[in-house]
Each structure stands twice: as structure tokens, then as C-alpha cells.
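> Here you go, this is final.txt (compact mmCIF, N, CA, C and O atoms).
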# COMPACT_ATOMS: atom_id res chain seq x y z
N MET A 1292 160.18 -11.39 198.77
CA MET A 1292 158.76 -11.48 199.00
C MET A 1292 158.37 -12.94 199.20
O MET A 1292 158.84 -13.81 198.50
N ASP A 1293 157.49 -13.18 200.12
CA ASP A 1293 157.01 -14.52 200.44
C ASP A 1293 156.11 -15.02 199.32
O ASP A 1293 155.17 -14.35 198.93
N SER A 1294 156.39 -16.22 198.81
CA SER A 1294 155.60 -16.75 197.70
C SER A 1294 154.18 -17.11 198.13
O SER A 1294 153.29 -17.22 197.30
N ALA A 1295 153.93 -17.28 199.44
CA ALA A 1295 152.60 -17.61 199.93
C ALA A 1295 151.73 -16.36 200.12
O ALA A 1295 150.54 -16.46 200.33
N LEU A 1296 152.34 -15.19 200.01
CA LEU A 1296 151.61 -13.95 200.18
C LEU A 1296 150.65 -13.74 199.01
O LEU A 1296 151.04 -13.78 197.85
N ARG A 1297 149.38 -13.54 199.35
CA ARG A 1297 148.38 -13.39 198.30
C ARG A 1297 147.57 -12.10 198.38
O ARG A 1297 146.91 -11.73 197.45
N LEU A 1298 147.61 -11.42 199.54
CA LEU A 1298 146.77 -10.24 199.71
C LEU A 1298 147.42 -9.26 200.67
O LEU A 1298 147.94 -9.66 201.71
N SER A 1299 147.41 -7.98 200.31
CA SER A 1299 147.88 -6.92 201.20
C SER A 1299 146.69 -6.07 201.61
O SER A 1299 145.94 -5.60 200.76
N LEU A 1300 146.55 -5.86 202.90
CA LEU A 1300 145.50 -5.00 203.45
C LEU A 1300 146.19 -3.76 203.99
O LEU A 1300 146.98 -3.84 204.93
N VAL A 1301 145.91 -2.61 203.38
CA VAL A 1301 146.50 -1.34 203.81
C VAL A 1301 145.45 -0.57 204.59
O VAL A 1301 144.35 -0.33 204.09
N ILE A 1302 145.81 -0.19 205.81
CA ILE A 1302 144.89 0.52 206.69
C ILE A 1302 145.48 1.90 206.99
O ILE A 1302 146.41 2.00 207.78
N PRO A 1303 144.96 2.96 206.36
CA PRO A 1303 145.40 4.30 206.72
C PRO A 1303 144.90 4.61 208.13
O PRO A 1303 143.73 4.34 208.46
N PHE A 1304 145.77 5.14 208.98
CA PHE A 1304 145.41 5.41 210.37
C PHE A 1304 145.63 6.88 210.68
O PHE A 1304 146.74 7.40 210.56
N TYR A 1305 144.54 7.54 211.09
CA TYR A 1305 144.64 8.90 211.58
C TYR A 1305 143.58 9.09 212.67
O TYR A 1305 142.38 9.16 212.37
N ASN A 1306 144.03 9.12 213.91
CA ASN A 1306 143.16 9.34 215.07
C ASN A 1306 141.96 8.39 215.08
O ASN A 1306 140.82 8.81 215.23
N GLN A 1307 142.21 7.10 214.92
CA GLN A 1307 141.17 6.08 214.93
C GLN A 1307 141.44 5.03 216.00
O GLN A 1307 141.10 3.87 215.85
N ARG A 1308 142.06 5.43 217.08
CA ARG A 1308 142.45 4.50 218.12
C ARG A 1308 141.26 3.70 218.66
O ARG A 1308 141.38 2.55 219.02
N ARG A 1309 140.11 4.31 218.69
CA ARG A 1309 138.91 3.65 219.22
C ARG A 1309 138.41 2.53 218.29
O ARG A 1309 137.90 1.52 218.74
N THR A 1310 138.57 2.70 216.97
CA THR A 1310 138.00 1.73 216.03
C THR A 1310 139.02 0.72 215.48
O THR A 1310 138.62 -0.31 214.96
N LEU A 1311 140.30 1.03 215.59
CA LEU A 1311 141.33 0.14 215.03
C LEU A 1311 141.28 -1.28 215.62
O LEU A 1311 141.37 -2.25 214.86
N PRO A 1312 141.10 -1.45 216.94
CA PRO A 1312 141.04 -2.81 217.47
C PRO A 1312 139.90 -3.65 216.88
O PRO A 1312 140.07 -4.84 216.61
N SER A 1313 138.75 -3.05 216.66
CA SER A 1313 137.62 -3.79 216.06
C SER A 1313 137.96 -4.26 214.65
O SER A 1313 137.65 -5.39 214.28
N LEU A 1314 138.57 -3.37 213.89
CA LEU A 1314 138.96 -3.73 212.52
C LEU A 1314 139.97 -4.88 212.54
O LEU A 1314 139.82 -5.86 211.81
N LEU A 1315 140.99 -4.77 213.40
CA LEU A 1315 142.01 -5.81 213.46
C LEU A 1315 141.46 -7.12 214.02
O LEU A 1315 141.89 -8.20 213.61
N ASP A 1316 140.48 -7.05 214.92
CA ASP A 1316 139.81 -8.27 215.41
C ASP A 1316 139.13 -8.99 214.25
O ASP A 1316 139.19 -10.21 214.15
N SER A 1317 138.47 -8.23 213.38
CA SER A 1317 137.80 -8.83 212.22
C SER A 1317 138.80 -9.53 211.31
O SER A 1317 138.53 -10.62 210.80
N VAL A 1318 139.95 -8.91 211.12
CA VAL A 1318 140.99 -9.52 210.28
C VAL A 1318 141.51 -10.79 210.95
O VAL A 1318 141.67 -11.82 210.30
N LEU A 1319 141.75 -10.72 212.25
CA LEU A 1319 142.29 -11.86 213.00
C LEU A 1319 141.32 -13.04 212.99
O LEU A 1319 141.73 -14.19 212.81
N ILE A 1320 140.04 -12.78 213.15
CA ILE A 1320 139.02 -13.83 213.17
C ILE A 1320 138.97 -14.59 211.85
O ILE A 1320 138.77 -15.80 211.83
N ASN A 1321 139.19 -13.90 210.75
CA ASN A 1321 139.13 -14.55 209.43
C ASN A 1321 140.30 -15.48 209.18
O ASN A 1321 140.22 -16.34 208.32
N ASN A 1322 141.40 -15.30 209.91
CA ASN A 1322 142.54 -16.23 209.85
C ASN A 1322 142.95 -16.55 208.41
O ASN A 1322 143.11 -17.71 208.04
N PHE A 1323 143.12 -15.54 207.61
CA PHE A 1323 143.46 -15.69 206.20
C PHE A 1323 144.97 -15.88 206.07
O PHE A 1323 145.75 -15.01 206.44
N SER A 1324 145.39 -17.01 205.56
CA SER A 1324 146.82 -17.22 205.38
C SER A 1324 147.29 -16.46 204.14
O SER A 1324 146.56 -16.31 203.17
N GLY A 1325 148.50 -15.95 204.19
CA GLY A 1325 149.03 -15.19 203.08
C GLY A 1325 148.65 -13.73 203.12
O GLY A 1325 148.82 -13.01 202.15
N LEU A 1326 148.13 -13.27 204.27
CA LEU A 1326 147.70 -11.88 204.40
C LEU A 1326 148.82 -11.02 204.96
O LEU A 1326 149.46 -11.37 205.95
N GLU A 1327 149.05 -9.89 204.32
CA GLU A 1327 149.99 -8.89 204.79
C GLU A 1327 149.17 -7.68 205.24
O GLU A 1327 148.40 -7.13 204.45
N VAL A 1328 149.30 -7.30 206.51
CA VAL A 1328 148.57 -6.14 207.04
C VAL A 1328 149.57 -5.01 207.23
O VAL A 1328 150.59 -5.16 207.88
N ILE A 1329 149.25 -3.87 206.62
CA ILE A 1329 150.10 -2.69 206.71
C ILE A 1329 149.25 -1.56 207.27
O ILE A 1329 148.23 -1.19 206.68
N VAL A 1330 149.66 -1.01 208.41
CA VAL A 1330 148.99 0.15 208.97
C VAL A 1330 149.87 1.36 208.66
O VAL A 1330 151.06 1.37 208.97
N VAL A 1331 149.28 2.37 208.02
CA VAL A 1331 150.00 3.58 207.66
C VAL A 1331 149.57 4.69 208.59
O VAL A 1331 148.43 5.16 208.53
N ASP A 1332 150.46 5.06 209.50
CA ASP A 1332 150.19 6.15 210.45
C ASP A 1332 150.41 7.47 209.73
O ASP A 1332 151.54 7.84 209.39
N ASP A 1333 149.32 8.18 209.49
CA ASP A 1333 149.34 9.43 208.73
C ASP A 1333 149.52 10.63 209.68
O ASP A 1333 148.70 11.54 209.69
N CYS A 1334 150.58 10.57 210.51
CA CYS A 1334 150.89 11.63 211.49
C CYS A 1334 149.75 11.84 212.49
O CYS A 1334 149.40 12.96 212.85
N SER A 1335 149.19 10.74 212.94
CA SER A 1335 148.09 10.79 213.90
C SER A 1335 148.56 11.33 215.24
O SER A 1335 149.70 11.12 215.65
N TYR A 1336 147.66 12.01 215.95
CA TYR A 1336 147.94 12.43 217.32
C TYR A 1336 147.79 11.26 218.27
O TYR A 1336 148.32 11.28 219.37
N GLU A 1337 147.04 10.27 217.87
CA GLU A 1337 146.83 9.08 218.69
C GLU A 1337 147.84 8.01 218.29
O GLU A 1337 148.04 7.75 217.11
N ASP A 1338 148.45 7.40 219.28
CA ASP A 1338 149.47 6.39 219.05
C ASP A 1338 148.81 5.03 218.79
O ASP A 1338 147.91 4.63 219.53
N CYS A 1339 149.25 4.33 217.76
CA CYS A 1339 148.70 3.02 217.43
C CYS A 1339 149.70 1.89 217.68
O CYS A 1339 149.37 0.72 217.49
N LYS A 1340 150.90 2.22 218.13
CA LYS A 1340 151.95 1.20 218.31
C LYS A 1340 151.56 0.15 219.33
O LYS A 1340 151.83 -1.03 219.13
N GLY A 1341 150.92 0.54 220.42
CA GLY A 1341 150.50 -0.42 221.43
C GLY A 1341 149.44 -1.38 220.91
O GLY A 1341 149.47 -2.58 221.21
N ILE A 1342 148.52 -0.87 220.13
CA ILE A 1342 147.48 -1.72 219.53
C ILE A 1342 148.11 -2.71 218.58
O ILE A 1342 147.80 -3.90 218.60
N ILE A 1343 149.01 -2.25 217.74
CA ILE A 1343 149.68 -3.12 216.78
C ILE A 1343 150.49 -4.19 217.50
O ILE A 1343 150.45 -5.36 217.13
N ALA A 1344 151.20 -3.80 218.55
CA ALA A 1344 151.98 -4.77 219.33
C ALA A 1344 151.08 -5.85 219.93
O ALA A 1344 151.42 -7.04 219.92
N ALA A 1345 149.93 -5.44 220.45
CA ALA A 1345 149.00 -6.40 221.05
C ALA A 1345 148.49 -7.40 220.01
O ALA A 1345 148.38 -8.60 220.29
N PHE A 1346 148.21 -6.93 218.80
CA PHE A 1346 147.73 -7.84 217.76
C PHE A 1346 148.84 -8.68 217.17
O PHE A 1346 148.61 -9.82 216.76
N ASN A 1347 150.05 -8.16 217.15
CA ASN A 1347 151.19 -9.00 216.75
C ASN A 1347 151.37 -10.13 217.75
O ASN A 1347 151.67 -11.26 217.36
N ASP A 1348 151.16 -9.85 219.04
CA ASP A 1348 151.25 -10.88 220.08
C ASP A 1348 150.16 -11.94 219.92
O ASP A 1348 150.34 -13.08 220.30
N LYS A 1349 149.02 -11.54 219.36
CA LYS A 1349 147.91 -12.48 219.11
C LYS A 1349 148.13 -13.32 217.85
O LYS A 1349 147.34 -14.20 217.55
N GLY A 1350 149.19 -13.01 217.10
CA GLY A 1350 149.51 -13.80 215.91
C GLY A 1350 149.22 -13.12 214.59
O GLY A 1350 149.43 -13.70 213.53
N LEU A 1351 148.73 -11.90 214.63
CA LEU A 1351 148.48 -11.15 213.39
C LEU A 1351 149.73 -10.36 213.06
O LEU A 1351 150.20 -9.56 213.86
N SER A 1352 150.31 -10.60 211.91
CA SER A 1352 151.53 -9.91 211.52
C SER A 1352 151.18 -8.58 210.87
O SER A 1352 150.57 -8.53 209.80
N ILE A 1353 151.58 -7.50 211.55
CA ILE A 1353 151.26 -6.15 211.08
C ILE A 1353 152.55 -5.36 210.92
O ILE A 1353 153.39 -5.35 211.81
N ARG A 1354 152.66 -4.69 209.80
CA ARG A 1354 153.80 -3.81 209.57
C ARG A 1354 153.30 -2.38 209.69
O ARG A 1354 152.27 -2.01 209.12
N LEU A 1355 154.03 -1.55 210.43
CA LEU A 1355 153.67 -0.15 210.62
C LEU A 1355 154.55 0.72 209.74
O LEU A 1355 155.77 0.62 209.76
N VAL A 1356 153.91 1.59 208.96
CA VAL A 1356 154.60 2.59 208.15
C VAL A 1356 154.17 3.94 208.71
O VAL A 1356 152.97 4.20 208.88
N THR A 1357 155.14 4.79 209.01
CA THR A 1357 154.83 6.08 209.62
C THR A 1357 155.27 7.21 208.69
O THR A 1357 156.42 7.24 208.26
N HIS A 1358 154.34 8.10 208.40
CA HIS A 1358 154.67 9.28 207.60
C HIS A 1358 155.33 10.33 208.48
O HIS A 1358 154.93 10.52 209.63
N GLU A 1359 156.32 11.02 207.96
CA GLU A 1359 156.98 12.11 208.68
C GLU A 1359 156.14 13.39 208.63
O GLU A 1359 156.13 14.17 209.55
N LYS A 1360 155.46 13.58 207.50
CA LYS A 1360 154.60 14.75 207.29
C LYS A 1360 153.26 14.23 206.78
O LYS A 1360 153.23 13.31 205.96
N ARG A 1361 152.17 14.80 207.22
CA ARG A 1361 150.85 14.28 206.88
C ARG A 1361 150.47 14.59 205.43
O ARG A 1361 150.13 15.72 205.08
N PRO A 1362 150.48 13.56 204.57
CA PRO A 1362 150.06 13.76 203.18
C PRO A 1362 148.57 13.49 202.97
O PRO A 1362 148.08 13.58 201.87
N PHE A 1363 147.87 13.10 204.03
CA PHE A 1363 146.45 12.78 204.01
C PHE A 1363 146.18 11.40 203.39
O PHE A 1363 147.10 10.69 203.02
N THR A 1364 144.94 11.04 203.31
CA THR A 1364 144.54 9.65 203.05
C THR A 1364 145.00 9.07 201.72
O THR A 1364 145.45 7.94 201.66
N LYS A 1365 144.87 9.81 200.64
CA LYS A 1365 145.20 9.25 199.32
C LYS A 1365 146.64 8.72 199.26
O LYS A 1365 146.85 7.57 198.89
N PRO A 1366 147.65 9.50 199.63
CA PRO A 1366 149.02 8.95 199.63
C PRO A 1366 149.21 7.85 200.66
O PRO A 1366 150.04 6.96 200.48
N ALA A 1367 148.46 7.89 201.75
CA ALA A 1367 148.57 6.83 202.76
C ALA A 1367 148.12 5.50 202.19
O ALA A 1367 148.64 4.45 202.54
N ARG A 1368 147.16 5.54 201.29
CA ARG A 1368 146.70 4.29 200.65
C ARG A 1368 147.66 3.87 199.58
O ARG A 1368 147.84 2.74 199.28
Rewrite the structure from the file as C-alpha cells, please.

Amino acid sequence: MDSALRLSLVIPFYNQRRTLPSLLDSVLINNFSGLEVIVVDDCSYEDCKGIIAAFNDKGLSIRLVTHEKRPFTKPAR
């Protein structure tokens, strides 16, 4: 684990392709060092990999966790 890491932001994702970029823009604008962003794909029908790749290219480090079976929001968090 990185010793500079101070905060983890977990974003449960289920069919929110329209709103995810706005949320990630807000995170990117704040430019918080030591931030770990984790997007948890809760078996969404909408693909978020392209959005995550675009924000990784912008310098926001995002880790994607994908559920095999949809356990719903509580386990995703």
C-alpha cells in the first residue's frame, strides 16, 4: 500500500453511464493527492470501461472492480 494514500472513494456503478463522467470530473477538478478511486461495477448493463479509460488518460487513477453476480449496492460499497 502506498504510504501517501489517504482516502479511498468507492463508487458503486449500476447503469449510471450518463452521470459517471460528471462525478469523475468533480473528483478530477479537486486534484486531491493520495486519492484512490474504486469503481465497483455491480453487473451493470451499461459498460463503464471506456469512461474509466478516458479518465485514467486524464490522470485520474481509477481501479475497476467487477462483480460476477449482482449483490446490489450494499455489498458493492
> Rank nothing, just name the residue among A:Val1330, A:Val1318, A:Leu1311, A:Leu1300 nearest to Lys1349 in chain A, using only C-alpha atoms.
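Selected residue with least distance to Lys1349 in chain A: A:Val1318.
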> Kindly indicate which residue among A:Leu1298, A:Asp1316, A:Phe1304, A:His1358 lies nearest to Val1331 in chain A, using only N, CA, C and O atoms for the distances.
A:Phe1304
> Among chain A, which ones does DSSP place in strand (DSSP E), written as a ChimeraX atom specification?
/A:1298-1304,1326-1332,1353-1357
> Just list the residues in chain A DSSP gives alpha helix (DSSP H) on the backbone, as a list in words.
Leu1311, Pro1312, Ser1313, Leu1314, Leu1315, Asp1316, Ser1317, Val1318, Leu1319, Ile1320, Asn1321, Lys1340, Gly1341, Ile1342, Ile1343, Ala1344, Ala1345, Phe1346, Asn1347, Asp1348, Thr1364, Lys1365, Pro1366 and Ala1367 of chain A
> Go ahead and dump the residues you just picked, N, CA, C and O atoms, as a short mmCIF file (atom, residue, chain, number, x, y, z; two decimals), in the coordinates of the input.

data_model
loop_
_atom_site.label_atom_id
_atom_site.label_comp_id
_atom_site.auth_asym_id
_atom_site.auth_seq_id
_atom_site.Cartn_x
_atom_site.Cartn_y
_atom_site.Cartn_z
N LEU A 1311 140.30 1.03 215.59
CA LEU A 1311 141.33 0.14 215.03
C LEU A 1311 141.28 -1.28 215.62
O LEU A 1311 141.37 -2.25 214.86
N PRO A 1312 141.10 -1.45 216.94
CA PRO A 1312 141.04 -2.81 217.47
C PRO A 1312 139.90 -3.65 216.88
O PRO A 1312 140.07 -4.84 216.61
N SER A 1313 138.75 -3.05 216.66
CA SER A 1313 137.62 -3.79 216.06
C SER A 1313 137.96 -4.26 214.65
O SER A 1313 137.65 -5.39 214.28
N LEU A 1314 138.57 -3.37 213.89
CA LEU A 1314 138.96 -3.73 212.52
C LEU A 1314 139.97 -4.88 212.54
O LEU A 1314 139.82 -5.86 211.81
N LEU A 1315 140.99 -4.77 213.40
CA LEU A 1315 142.01 -5.81 213.46
C LEU A 1315 141.46 -7.12 214.02
O LEU A 1315 141.89 -8.20 213.61
N ASP A 1316 140.48 -7.05 214.92
CA ASP A 1316 139.81 -8.27 215.41
C ASP A 1316 139.13 -8.99 214.25
O ASP A 1316 139.19 -10.21 214.15
N SER A 1317 138.47 -8.23 213.38
CA SER A 1317 137.80 -8.83 212.22
C SER A 1317 138.80 -9.53 211.31
O SER A 1317 138.53 -10.62 210.80
N VAL A 1318 139.95 -8.91 211.12
CA VAL A 1318 140.99 -9.52 210.28
C VAL A 1318 141.51 -10.79 210.95
O VAL A 1318 141.67 -11.82 210.30
N LEU A 1319 141.75 -10.72 212.25
CA LEU A 1319 142.29 -11.86 213.00
C LEU A 1319 141.32 -13.04 212.99
O LEU A 1319 141.73 -14.19 212.81
N ILE A 1320 140.04 -12.78 213.15
CA ILE A 1320 139.02 -13.83 213.17
C ILE A 1320 138.97 -14.59 211.85
O ILE A 1320 138.77 -15.80 211.83
N ASN A 1321 139.19 -13.90 210.75
CA ASN A 1321 139.13 -14.55 209.43
C ASN A 1321 140.30 -15.48 209.18
O ASN A 1321 140.22 -16.34 208.32
N LYS A 1340 150.90 2.22 218.13
CA LYS A 1340 151.95 1.20 218.31
C LYS A 1340 151.56 0.15 219.33
O LYS A 1340 151.83 -1.03 219.13
N GLY A 1341 150.92 0.54 220.42
CA GLY A 1341 150.50 -0.42 221.43
C GLY A 1341 149.44 -1.38 220.91
O GLY A 1341 149.47 -2.58 221.21
N ILE A 1342 148.52 -0.87 220.13
CA ILE A 1342 147.48 -1.72 219.53
C ILE A 1342 148.11 -2.71 218.58
O ILE A 1342 147.80 -3.90 218.60
N ILE A 1343 149.01 -2.25 217.74
CA ILE A 1343 149.68 -3.12 216.78
C ILE A 1343 150.49 -4.19 217.50
O ILE A 1343 150.45 -5.36 217.13
N ALA A 1344 151.20 -3.80 218.55
CA ALA A 1344 151.98 -4.77 219.33
C ALA A 1344 151.08 -5.85 219.93
O ALA A 1344 151.42 -7.04 219.92
N ALA A 1345 149.93 -5.44 220.45
CA ALA A 1345 149.00 -6.40 221.05
C ALA A 1345 148.49 -7.40 220.01
O ALA A 1345 148.38 -8.60 220.29
N PHE A 1346 148.21 -6.93 218.80
CA PHE A 1346 147.73 -7.84 217.76
C PHE A 1346 148.84 -8.68 217.17
O PHE A 1346 148.61 -9.82 216.76
N ASN A 1347 150.05 -8.16 217.15
CA ASN A 1347 151.19 -9.00 216.75
C ASN A 1347 151.37 -10.13 217.75
O ASN A 1347 151.67 -11.26 217.36
N ASP A 1348 151.16 -9.85 219.04
CA ASP A 1348 151.25 -10.88 220.08
C ASP A 1348 150.16 -11.94 219.92
O ASP A 1348 150.34 -13.08 220.30
N THR A 1364 144.94 11.04 203.31
CA THR A 1364 144.54 9.65 203.05
C THR A 1364 145.00 9.07 201.72
O THR A 1364 145.45 7.94 201.66
N LYS A 1365 144.87 9.81 200.64
CA LYS A 1365 145.20 9.25 199.32
C LYS A 1365 146.64 8.72 199.26
O LYS A 1365 146.85 7.57 198.89
N PRO A 1366 147.65 9.50 199.63
CA PRO A 1366 149.02 8.95 199.63
C PRO A 1366 149.21 7.85 200.66
O PRO A 1366 150.04 6.96 200.48
N ALA A 1367 148.46 7.89 201.75
CA ALA A 1367 148.57 6.83 202.76
C ALA A 1367 148.12 5.50 202.19
O ALA A 1367 148.64 4.45 202.54
#
> Looking at all atoms listed in the file, which of A:Thr1357, A:Ile1342, A:Gly1350, A:Ser1335 is the one that sits closest to Pro1312 in chain A?
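Under the stated criterion, the closest residue is A:Ile1342.
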> From the set A:Val1328, A:Ala1344, A:Leu1319, A:Cys1334, which residue has the shortest atom-to-atom contact distance to Ile1302 in chain A, counting all atoms listed in the file?
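Checking each of A:Val1328, A:Ala1344, A:Leu1319, A:Cys1334 against Ile1302 in chain A, counting all atoms listed in the file, the winner is A:Val1328.
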> What would range 1338-1348 of chain A look like with all heavy atoms in place, written as a tab-separated table (two decimals), in the coordinates of the input?

chain	number	residue	atom	x	y	z
A	1338	ASP	N	148.45	7.40	219.28
A	1338	ASP	CA	149.47	6.39	219.05
A	1338	ASP	C	148.81	5.03	218.79
A	1338	ASP	O	147.91	4.63	219.53
A	1338	ASP	CB	150.40	6.30	220.26
A	1338	ASP	CG	151.58	5.40	220.01
A	1338	ASP	OD1	151.91	5.14	218.84
A	1338	ASP	OD2	152.18	4.96	221.00
A	1339	CYS	N	149.25	4.33	217.76
A	1339	CYS	CA	148.70	3.02	217.43
A	1339	CYS	C	149.70	1.89	217.68
A	1339	CYS	O	149.37	0.72	217.49
A	1339	CYS	CB	148.19	2.99	216.00
A	1339	CYS	SG	149.48	3.25	214.75
A	1340	LYS	N	150.90	2.22	218.13
A	1340	LYS	CA	151.95	1.20	218.31
A	1340	LYS	C	151.56	0.15	219.33
A	1340	LYS	O	151.83	-1.03	219.13
A	1340	LYS	CB	153.27	1.85	218.69
A	1340	LYS	CG	153.87	2.66	217.58
A	1340	LYS	CD	155.12	3.37	218.02
A	1340	LYS	CE	155.59	4.30	216.91
A	1340	LYS	NZ	156.54	5.28	217.37
A	1341	GLY	N	150.92	0.54	220.42
A	1341	GLY	CA	150.50	-0.42	221.43
A	1341	GLY	C	149.44	-1.38	220.91
A	1341	GLY	O	149.47	-2.58	221.21
A	1342	ILE	N	148.52	-0.87	220.13
A	1342	ILE	CA	147.48	-1.72	219.53
A	1342	ILE	C	148.11	-2.71	218.58
A	1342	ILE	O	147.80	-3.90	218.60
A	1342	ILE	CB	146.42	-0.85	218.80
A	1342	ILE	CG1	145.69	0.05	219.79
A	1342	ILE	CG2	145.45	-1.72	218.02
A	1342	ILE	CD1	144.83	1.11	219.14
A	1343	ILE	N	149.01	-2.25	217.74
A	1343	ILE	CA	149.68	-3.12	216.78
A	1343	ILE	C	150.49	-4.19	217.50
A	1343	ILE	O	150.45	-5.36	217.13
A	1343	ILE	CB	150.54	-2.29	215.81
A	1343	ILE	CG1	149.63	-1.47	214.89
A	1343	ILE	CG2	151.47	-3.18	215.00
A	1343	ILE	CD1	150.33	-0.47	214.05
A	1344	ALA	N	151.20	-3.80	218.55
A	1344	ALA	CA	151.98	-4.77	219.33
A	1344	ALA	C	151.08	-5.85	219.93
A	1344	ALA	O	151.42	-7.04	219.92
A	1344	ALA	CB	152.77	-4.06	220.41
A	1345	ALA	N	149.93	-5.44	220.45
A	1345	ALA	CA	149.00	-6.40	221.05
A	1345	ALA	C	148.49	-7.40	220.01
A	1345	ALA	O	148.38	-8.60	220.29
A	1345	ALA	CB	147.83	-5.67	221.69
A	1346	PHE	N	148.21	-6.93	218.80
A	1346	PHE	CA	147.73	-7.84	217.76
A	1346	PHE	C	148.84	-8.68	217.17
A	1346	PHE	O	148.61	-9.82	216.76
A	1346	PHE	CB	146.95	-7.07	216.69
A	1346	PHE	CG	145.54	-6.82	217.09
A	1346	PHE	CD1	145.20	-5.69	217.81
A	1346	PHE	CD2	144.54	-7.73	216.80
A	1346	PHE	CE1	143.90	-5.46	218.22
A	1346	PHE	CE2	143.24	-7.53	217.20
A	1346	PHE	CZ	142.91	-6.39	217.92
A	1347	ASN	N	150.05	-8.16	217.15
A	1347	ASN	CA	151.19	-9.00	216.75
A	1347	ASN	C	151.37	-10.13	217.75
A	1347	ASN	O	151.67	-11.26	217.36
A	1347	ASN	CB	152.47	-8.16	216.64
A	1347	ASN	CG	152.58	-7.42	215.33
A	1347	ASN	OD1	152.06	-7.86	214.31
A	1347	ASN	ND2	153.25	-6.29	215.34
A	1348	ASP	N	151.16	-9.85	219.04
A	1348	ASP	CA	151.25	-10.88	220.08
A	1348	ASP	C	150.16	-11.94	219.92
A	1348	ASP	O	150.34	-13.08	220.30
A	1348	ASP	CB	151.15	-10.26	221.48
A	1348	ASP	CG	152.40	-9.46	221.85
A	1348	ASP	OD1	153.44	-9.61	221.17
A	1348	ASP	OD2	152.32	-8.68	222.82
